[in-house]
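Pasting run-v4.csv here (CSV, C-alpha atoms):
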chain,number,residue,atom,x,y,z
N,1,MET,CA,113.6,106.0,78.3
N,2,ARG,CA,113.9,102.8,80.3
N,3,GLY,CA,110.8,103.5,82.4
N,4,ALA,CA,110.8,103.8,86.2
N,5,HIS,CA,112.4,102.1,89.2
N,6,LEU,CA,111.4,102.0,92.9
N,7,VAL,CA,114.3,101.9,95.3
N,8,GLY,CA,112.4,99.9,97.9
N,9,SER,CA,110.6,101.6,100.8
N,10,VAL,CA,107.1,102.9,100.3
N,11,ASN,CA,105.0,104.4,103.1
N,12,LEU,CA,102.0,102.1,103.1
N,13,PRO,CA,100.8,99.7,105.8
N,14,THR,CA,101.1,96.3,104.2
N,15,ALA,CA,102.8,94.6,101.3
N,16,GLU,CA,99.4,94.1,99.6
N,17,ASP,CA,98.7,97.9,99.9
N,18,THR,CA,102.1,98.6,98.3
N,19,PHE,CA,101.6,96.1,95.4
N,20,ARG,CA,98.0,97.4,94.7
N,21,THR,CA,98.9,101.1,94.9
N,22,VAL,CA,102.2,100.9,93.0
N,23,ALA,CA,100.6,98.8,90.2
N,24,ALA,CA,97.7,101.1,89.9
N,25,HIS,CA,99.8,104.3,89.7
N,26,ALA,CA,102.9,103.1,87.8
N,27,GLY,CA,102.7,99.4,87.1
N,28,THR,CA,103.0,99.6,83.3
N,29,HIS,CA,106.3,101.5,83.7
N,30,LEU,CA,107.9,99.2,86.2
N,31,LYS,CA,109.7,96.0,85.6
N,32,ARG,CA,109.8,95.1,89.3
N,33,ILE,CA,107.8,96.0,92.4
N,34,PRO,CA,109.1,95.8,95.9
N,35,ASP,CA,106.9,95.1,98.9
N,36,GLY,CA,107.5,98.6,100.4
N,37,GLU,CA,109.8,97.3,103.2
N,38,VAL,CA,106.8,97.3,105.5
N,39,GLY,CA,106.7,96.3,109.2
N,40,GLU,CA,109.9,96.3,111.1
N,41,ARG,CA,111.9,97.1,108.0
N,42,PHE,CA,110.3,100.6,107.7
N,43,HIS,CA,113.5,102.3,108.8
N,44,TRP,CA,116.0,100.4,106.6
N,45,ILE,CA,118.4,98.4,108.8
N,46,LEU,CA,117.5,99.7,112.3
N,47,PHE,CA,115.6,96.5,113.1
N,48,GLN,CA,118.8,94.5,112.7
N,49,GLY,CA,119.9,95.7,116.2
N,50,GLU,CA,117.7,92.9,117.7
N,51,ARG,CA,119.5,90.3,115.5
N,52,PHE,CA,122.8,91.5,116.9
N,53,ASP,CA,121.4,91.3,120.4
N,54,ALA,CA,120.6,87.7,119.9
N,55,VAL,CA,124.2,86.6,119.1
N,56,PRO,CA,126.1,85.0,121.9
N,57,GLY,CA,129.4,86.8,122.2
N,58,LEU,CA,128.0,90.3,121.5
N,59,ALA,CA,126.8,92.8,124.1
N,60,ARG,CA,125.5,96.4,124.0
N,61,LEU,CA,127.6,99.1,125.4
N,62,PRO,CA,126.5,99.6,129.0
N,63,ILE,CA,125.0,103.0,128.5
N,64,GLU,CA,121.5,104.4,128.3
N,65,PRO,CA,119.6,103.2,125.2
N,66,VAL,CA,120.0,105.4,122.2
N,67,VAL,CA,116.6,105.3,120.6
N,68,VAL,CA,116.0,106.3,116.9
N,69,ALA,CA,112.6,105.7,115.4
N,70,GLY,CA,111.8,103.3,118.2
N,71,PHE,CA,115.0,101.2,117.8
N,72,ASP,CA,117.9,101.0,120.2
N,73,VAL,CA,121.0,101.8,118.2
N,74,ARG,CA,123.6,101.5,120.9
N,75,PRO,CA,126.7,99.8,119.4
N,76,LEU,CA,127.8,96.3,120.4
N,77,VAL,CA,131.1,95.0,121.6
N,78,LEU,CA,132.7,91.5,121.8
N,79,ASP,CA,132.0,90.4,125.3
N,80,GLY,CA,134.5,87.5,125.3
N,81,ALA,CA,131.8,84.8,125.9
N,82,VAL,CA,132.4,83.3,122.4
N,83,PRO,CA,135.5,83.6,120.3
N,84,ALA,CA,135.1,86.1,117.5
N,85,ASP,CA,135.6,83.4,114.8
N,86,GLU,CA,132.8,81.4,116.3
N,87,LEU,CA,130.1,84.1,116.2
N,88,VAL,CA,126.9,82.9,114.6
N,89,PHE,CA,123.9,85.0,113.6
N,90,GLY,CA,120.4,83.6,113.4
N,91,GLU,CA,117.8,84.5,110.8
N,92,LEU,CA,118.0,88.2,109.9
N,93,GLY,CA,114.3,88.5,108.9
N,94,TYR,CA,114.8,89.4,105.2
N,95,ALA,CA,113.9,85.9,103.9
N,96,ALA,CA,110.9,85.6,106.2
N,97,ALA,CA,109.6,88.9,105.0
N,98,ALA,CA,110.2,88.1,101.3
N,99,THR,CA,108.5,84.8,101.6
N,100,ALA,CA,105.4,86.3,103.2
N,101,SER,CA,105.2,89.2,100.7
N,102,TYR,CA,105.7,86.9,97.7
N,103,THR,CA,102.5,85.1,98.6
N,104,ASP,CA,100.6,88.3,98.3
N,105,PHE,CA,102.5,89.2,95.1
N,106,VAL,CA,101.5,85.9,93.4
N,107,ARG,CA,97.9,86.2,94.4
N,108,LEU,CA,97.5,89.8,93.2
N,109,ARG,CA,99.3,89.1,89.9
N,110,ALA,CA,97.0,86.1,89.3
N,111,GLU,CA,94.0,88.5,89.9
N,112,GLY,CA,95.4,90.9,87.3
N,113,ALA,CA,96.2,93.7,89.9
N,114,ILE,CA,99.9,93.4,89.0
N,115,PRO,CA,101.0,93.2,85.3
N,116,ALA,CA,101.9,89.7,84.3
N,117,ALA,CA,105.6,90.2,83.4
N,118,THR,CA,106.5,92.1,86.7
N,119,ARG,CA,109.1,90.6,89.0
N,120,PHE,CA,109.0,90.6,92.8
N,121,GLN,CA,111.9,92.9,94.0
N,122,VAL,CA,113.7,92.2,97.3
N,123,CYS,CA,115.9,94.9,98.6
N,124,LEU,CA,118.8,94.0,100.9
N,125,PRO,CA,121.6,96.0,102.6
N,126,THR,CA,125.1,94.9,102.0
N,127,PRO,CA,126.5,93.3,105.2
N,128,LEU,CA,128.8,96.3,105.6
N,129,ALA,CA,125.9,98.6,106.6
N,130,PRO,CA,124.5,96.8,109.7
N,131,VAL,CA,128.1,96.0,110.9
N,132,VAL,CA,129.1,99.7,110.7
N,133,ALA,CA,125.8,100.8,112.3
N,134,PHE,CA,125.8,98.4,115.2
N,135,VAL,CA,129.4,97.4,116.0
N,136,VAL,CA,132.1,99.4,117.7
N,137,PRO,CA,134.9,100.3,115.3
N,138,ASP,CA,137.5,98.0,116.8
N,139,ALA,CA,135.3,94.9,116.6
N,140,ARG,CA,133.9,95.3,113.1
N,141,GLU,CA,136.6,93.3,111.3
N,142,ALA,CA,135.9,90.4,113.7
N,143,VAL,CA,132.1,90.5,113.4
N,144,TYR,CA,131.8,91.1,109.7
N,145,PRO,CA,132.4,87.5,108.4
N,146,ALA,CA,129.7,86.2,110.7
N,147,TYR,CA,127.2,88.7,109.5
N,148,GLU,CA,128.1,88.3,105.9
N,149,ALA,CA,127.6,84.5,106.3
N,150,ALA,CA,124.1,85.2,107.7
N,151,MET,CA,123.2,87.4,104.8
N,152,LEU,CA,124.3,84.8,102.3
N,153,ARG,CA,122.0,82.3,104.1
N,154,GLU,CA,119.2,84.8,103.8
N,155,ILE,CA,119.8,85.0,100.0
N,156,GLU,CA,119.8,81.2,99.8
N,157,ALA,CA,116.4,81.1,101.6
N,158,ILE,CA,114.9,83.9,99.4
N,159,VAL,CA,116.0,82.0,96.3
N,160,ALA,CA,114.5,78.8,97.6
N,161,ALA,CA,111.2,80.5,98.3
N,162,VAL,CA,110.8,82.6,95.1
N,163,PRO,CA,111.3,81.1,91.6
N,164,ALA,CA,114.2,82.7,89.8
N,165,GLY,CA,112.1,83.9,86.9
N,166,ASP,CA,109.9,85.9,89.4
N,167,LEU,CA,112.7,87.4,91.5
N,168,ALA,CA,114.9,90.5,91.4
N,169,ILE,CA,117.4,91.2,94.2
N,170,GLN,CA,118.7,94.7,94.9
N,171,LEU,CA,121.7,95.4,97.1
N,172,ASP,CA,121.7,98.8,98.7
N,173,LEU,CA,125.1,100.5,99.1
N,174,ALA,CA,124.8,103.5,101.4
N,175,SER,CA,127.3,103.0,104.3
N,176,GLU,CA,129.9,102.4,101.6
N,177,PHE,CA,129.6,106.0,100.4
N,178,ALA,CA,129.8,107.3,104.0
N,179,LEU,CA,133.2,105.5,104.3
N,180,ILE,CA,134.4,106.6,100.9
N,181,GLU,CA,133.6,110.2,101.6
N,182,GLY,CA,134.7,110.1,105.2
N,183,ALA,CA,131.2,111.5,106.2
N,184,ASN,CA,130.6,112.4,109.8
N,185,LEU,CA,127.7,110.1,111.0
N,186,GLY,CA,127.7,111.5,114.5
N,187,ALA,CA,131.0,110.2,115.9
N,188,GLY,CA,133.5,111.8,113.7
N,189,PRO,CA,134.5,110.9,110.1
N,190,ALA,CA,133.5,107.3,109.1
N,191,GLN,CA,136.5,105.1,108.8
N,192,ALA,CA,136.9,101.6,107.3
N,193,TRP,CA,138.9,98.9,109.1
N,194,PHE,CA,140.2,97.5,105.8
N,195,ALA,CA,141.8,100.6,104.2
N,196,ILE,CA,142.7,104.3,104.9
N,197,ASP,CA,143.1,106.0,101.5
N,198,SER,CA,139.7,106.8,99.9
N,199,ASP,CA,140.5,104.9,96.7
N,200,GLU,CA,141.5,101.8,98.8
N,201,VAL,CA,138.3,102.2,100.8
N,202,LEU,CA,136.3,102.3,97.5
N,203,ALA,CA,138.0,99.2,96.2
N,204,GLY,CA,137.4,97.4,99.5
N,205,CYS,CA,133.7,98.3,99.5
N,206,VAL,CA,133.3,97.1,95.9
N,207,ALA,CA,135.0,93.8,96.7
N,208,ARG,CA,132.8,93.1,99.7
N,209,ALA,CA,129.6,94.0,97.8
N,210,ALA,CA,130.7,92.0,94.8
N,211,ARG,CA,131.2,88.9,96.9
N,212,VAL,CA,127.7,89.0,98.1
N,213,ALA,CA,126.2,89.9,94.7
N,214,SER,CA,128.0,87.1,93.0
N,215,ALA,CA,126.1,84.6,95.3
N,216,VAL,CA,122.8,85.6,93.6
N,217,PRO,CA,122.2,82.8,91.2
N,218,ALA,CA,121.7,83.1,87.4
N,219,GLY,CA,118.1,83.6,86.4
N,220,VAL,CA,117.5,86.0,89.3
N,221,GLU,CA,117.8,89.6,88.3
N,222,LEU,CA,120.5,91.5,90.3
N,223,GLY,CA,120.6,95.3,90.7
N,224,PHE,CA,122.3,97.9,92.8
N,225,HIS,CA,121.0,101.1,94.5
N,226,LEU,CA,123.9,103.5,95.1
N,227,CYS,CA,123.0,105.9,97.9
N,228,TYR,CA,124.3,108.9,99.9
N,229,GLY,CA,121.9,108.3,102.7
N,230,ASP,CA,118.4,109.5,103.6
N,231,VAL,CA,118.1,110.8,107.1
N,232,ALA,CA,115.2,113.3,107.4
N,233,GLU,CA,115.3,113.3,103.6
N,234,LYS,CA,118.9,114.6,103.5
N,235,HIS,CA,122.2,113.0,102.4
N,236,PHE,CA,124.9,112.5,105.0
N,237,VAL,CA,127.1,114.5,102.6
N,238,GLU,CA,126.2,116.0,99.3
N,239,PRO,CA,128.1,114.5,96.4
N,240,SER,CA,130.0,117.1,94.4
N,241,ASP,CA,129.3,115.2,91.3
N,242,THR,CA,128.7,111.6,90.1
N,243,ARG,CA,132.4,110.6,90.0
N,244,ARG,CA,132.4,108.3,93.0
N,245,LEU,CA,129.1,106.8,92.0
N,246,VAL,CA,130.5,106.0,88.6
N,247,GLU,CA,133.7,104.5,90.1
N,248,VAL,CA,131.7,102.2,92.3
N,249,ALA,CA,129.3,101.2,89.4
N,250,ASN,CA,132.3,100.5,87.1
N,251,GLY,CA,134.0,98.6,89.9
N,252,LEU,CA,131.0,96.4,90.5
N,253,ALA,CA,130.5,95.8,86.8
N,254,ALA,CA,134.1,94.6,86.5
N,255,THR,CA,134.1,92.5,89.7
N,256,VAL,CA,130.7,90.9,90.0
N,257,SER,CA,130.9,87.4,88.4
N,258,ARG,CA,127.4,87.5,86.9
N,259,GLU,CA,125.1,89.7,84.9
N,260,ILE,CA,123.9,93.0,86.5
N,261,ALA,CA,120.4,94.0,85.5
N,262,TRP,CA,120.4,97.6,86.7
N,263,PHE,CA,122.1,100.4,88.6
N,264,HIS,CA,120.3,103.3,90.4
N,265,LEU,CA,122.1,106.5,91.2
N,266,PRO,CA,120.9,109.6,93.1
N,267,VAL,CA,120.6,113.1,91.7
N,268,PRO,CA,120.2,115.9,94.4
N,269,ILE,CA,117.3,118.2,93.9
N,270,GLU,CA,119.5,121.3,93.3
N,271,ARG,CA,121.7,119.6,90.7
N,272,ASP,CA,120.2,120.1,87.3
N,273,ASP,CA,123.6,121.2,85.9
N,274,VAL,CA,125.8,119.2,83.5
N,275,GLU,CA,128.8,119.4,85.8
N,276,TYR,CA,127.1,117.1,88.3
N,277,VAL,CA,126.3,114.4,85.8
N,278,ALA,CA,129.4,114.9,83.6
N,279,PRO,CA,131.3,111.8,85.0
N,280,LEU,CA,128.4,109.6,83.8
N,281,ALA,CA,130.2,109.8,80.4
N,282,ASP,CA,132.9,107.5,82.0
N,283,LEU,CA,130.5,104.7,82.8
N,284,THR,CA,131.8,101.4,81.5
N,285,ILE,CA,128.8,99.2,82.6
N,286,ASP,CA,127.3,96.8,80.0
N,287,PRO,CA,125.0,98.6,77.6
N,288,ALA,CA,122.4,96.0,78.4
N,289,THR,CA,122.5,97.0,82.1
N,290,GLU,CA,119.6,99.4,82.9
N,291,LEU,CA,120.5,102.8,84.4
N,292,TYR,CA,118.1,104.6,86.6
N,293,LEU,CA,118.7,108.2,87.9
N,294,GLY,CA,117.1,109.5,91.0
N,295,VAL,CA,115.8,112.7,89.4
N,296,VAL,CA,112.3,112.6,90.8
N,297,HIS,CA,111.7,114.8,93.9
N,298,HIS,CA,108.3,115.5,95.4
N,299,GLU,CA,109.1,119.2,95.8
N,300,ASP,CA,109.3,120.1,92.1
N,301,GLY,CA,107.6,117.1,90.5
N,302,VAL,CA,107.6,116.5,86.7
N,303,GLU,CA,109.2,119.8,85.8
N,304,GLY,CA,112.2,119.4,88.1
N,305,ALA,CA,112.7,115.7,87.1
N,306,GLN,CA,112.7,116.7,83.4
N,307,ARG,CA,115.3,119.5,84.0
N,308,ARG,CA,117.7,117.0,85.8
N,309,LEU,CA,117.1,114.4,83.2
N,310,ALA,CA,117.8,116.8,80.4
N,311,ALA,CA,121.2,117.6,81.9
N,312,ALA,CA,122.0,113.8,82.2
N,313,THR,CA,121.1,113.1,78.6
N,314,GLN,CA,123.6,115.6,77.4
N,315,VAL,CA,126.4,113.3,78.6
N,316,LEU,CA,124.8,109.9,78.4
N,317,GLY,CA,124.8,108.0,75.1
N,318,ARG,CA,122.3,105.4,76.3
N,319,GLU,CA,118.7,105.0,77.5
N,320,VAL,CA,118.0,106.0,81.1
N,321,GLY,CA,115.1,105.4,83.5
N,322,VAL,CA,113.9,107.5,86.5
N,323,GLY,CA,113.3,107.1,90.2
N,324,THR,CA,113.5,109.0,93.4
N,325,GLU,CA,116.9,109.4,95.1
N,326,CYS,CA,116.1,106.9,97.8
N,327,GLY,CA,113.0,105.0,99.1
N,328,PHE,CA,110.1,107.2,100.3
N,329,GLY,CA,108.8,105.0,103.1
N,330,ARG,CA,109.7,107.6,105.7
N,331,GLY,CA,107.8,110.4,104.0
N,332,PRO,CA,104.1,111.0,104.7
N,333,SER,CA,101.8,108.4,103.3
N,334,GLU,CA,99.6,110.9,101.5
N,335,ARG,CA,102.6,111.7,99.3
N,336,THR,CA,102.9,108.2,98.0
N,337,GLY,CA,100.3,108.1,95.2
N,338,PRO,CA,101.2,111.5,93.8
N,339,LEU,CA,104.9,110.7,93.8
N,340,LEU,CA,104.2,107.5,91.9
N,341,ASP,CA,102.2,109.5,89.4
N,342,VAL,CA,105.2,111.7,88.8
N,343,HIS,CA,107.3,108.6,87.9
N,344,THR,CA,104.6,107.7,85.3
N,345,ALA,CA,104.3,111.2,83.9
N,346,VAL,CA,108.0,111.6,83.4
N,347,ALA,CA,108.3,108.2,81.8
N,348,ARG,CA,105.5,108.9,79.4
N,349,ALA,CA,106.6,112.4,78.5
N,350,TRP,CA,110.3,111.9,77.9
Just give me the structure as structure tokens.
Amino acid sequence: MRGAHLVGSVNLPTAEDTFRTVAAHAGTHLKRIPDGEVGERFHWILFQGERFDAVPGLARLPIEPVVVAGFDVRPLVLDGAVPADELVFGELGYAAAATASYTDFVRLRAEGAIPAATRFQVCLPTPLAPVVAFVVPDAREAVYPAYEAAMLREIEAIVAAVPAGDLAIQLDLASEFALIEGANLGAGPAQAWFAIDSDEVLAGCVARAARVASAVPAGVELGFHLCYGDVAEKHFVEPSDTRRLVEVANGLAATVSREIAWFHLPVPIERDDVEYVAPLADLTIDPATELYLGVVHHEDGVEGAQRRLAAATQVLGREVGVGTECGFGRGPSERTGPLLDVHTAVARAW
């Protein structure tokens, strides 16, 4: 057993609340603690719409606002005011949030509230996700390089603010699986601008994520959360098994030019069968890379997690850790402590 891993979002008001609560309930089983993605980040990437709004050359579609969780998610188009290859994004907000939260992290660790060897975990979307979410399909290819450049600047700023030995950066791949699976996100099947065939889409997604991941410097831990979405606690499509997850993990392991510390993969609540996890036998990631499976679900707690974990261990010849399928920042806050306790109970019992 590798212990437990938190994907990122935790439904508590502040970073300090997250650090104190997580450490108290599960701290000895976690190598890294995120700040809970508090504030404007509570609904993953939706706050990025305002960053797109601020870019000269981009404009919202002239329709009534489409409001989700308080954010306008109307897509943007190129308005012709600035050539596409001259688009420039400002600060995206991730580095500023990480810098502020790290101050709390250091203070609480010095007080002994956080175990001494724990790293500060920063979770970032791949550039693909906000571009797919906020840009009309025929402009995504043109906008993507500018947003990717902005995300690379965010990583540089985070690394400058947090010492490498204290830092762990996780890249979240969710929109990638929508594209790979051709999931319907509300406007027909998701389509990539860079490929048509699903295998080509997968390769293109891996290449783009690997380019960003390879920019994380040595000494900083790097991990990946592979995700099938979490809207109203449901996937955008239910994976038939772990095959595509394994293919992406293997692709990243072969393409990223630096060491990968961990992968996190989801396990749906109804899948405690060996058939779902059977493709895990084909993982070719480094044996030193930690593997965490999202077997923890609040609906069936320790017993359900142990059933799903038992199926996985029939095909895995390696240590494995546990987590939830996705972050739990959009669930009710009263669930947070008990859910952390499930992580601890499973880690202790297995």
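Only residues having an atom at most 12 Å from (128.4, 119.1, 101.0) are included; using only C-alpha atoms, these are Glu181, Gly182, Ala183, Asn184, Tyr228, Lys234, His235, Phe236, Val237, Glu238, Pro239, Ser240, Asp241, Pro268 and Glu270 of chain N.
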- Item | Residues near Ala26 in chain N, cut-off 8 Å, all atoms listed in the file, skip fewer than 5 positions along chain, as a ChimeraX atom specification | /N:340-341,343-344
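One distance worth recording is that between CA of Val322 in chain N and CA of Pro163 in chain N, which is 27.0 Å.
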- Task: Name the residues in contact with range 212-214 of chain N at a cut-off of 6 Å, using only C-alpha atoms, excluding same-chain residues fewer than 2 positions from it; report them as a PyMOL selection string.
- Result: chain N and resi 209-210+216+256-257
Which residues of range 24-141 of chain N have any atom within 12 Å of an atom in range 330-336 of chain N when counting all atoms listed in the file, and what is the closest pair of atoms for each, with the distance in Å to one decimal? Order the rows by chain and rising number and write it as a Markdown table.
| residue | atom | partner | partner_atom | distance |
| --- | --- | --- | --- | --- |
| N:Ala24 | CA | N:Thr336 | CA | 12.0 |
| N:His25 | CA | N:Thr336 | CA | 9.7 |
| N:Ala26 | CA | N:Thr336 | CA | 11.4 |
| N:Gly36 | CA | N:Arg330 | CA | 10.7 |
| N:Glu37 | CA | N:Arg330 | CA | 10.6 |
| N:Val38 | CA | N:Arg330 | CA | 10.7 |
| N:Arg41 | CA | N:Arg330 | CA | 11.0 |
| N:Phe42 | CA | N:Arg330 | CA | 7.3 |
| N:His43 | CA | N:Arg330 | CA | 7.2 |
| N:Trp44 | CA | N:Arg330 | CA | 9.6 |
| N:Ala69 | CA | N:Arg330 | CA | 10.3 |
- Query: Residues at most 8 Å from Pro13 in chain N, counting all atoms listed in the file, excluding those fewer than 2 positions away in the same chain, as a list in words?
  - Reply: Asn11, Ala15, Asp17, Thr18, Val38 and Gly39 of chain N
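Considering only C-alpha atoms, the residue among N:Ala95, N:Cys205, N:Ala164, N:Leu283 positioned nearest to Ala218 in chain N is N:Ala164.
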- Given only C-alpha atoms as the counted atoms, nearest of N:Ile196, N:Pro62, N:Arg119, N:Leu173 to His5 in chain N: N:Arg119
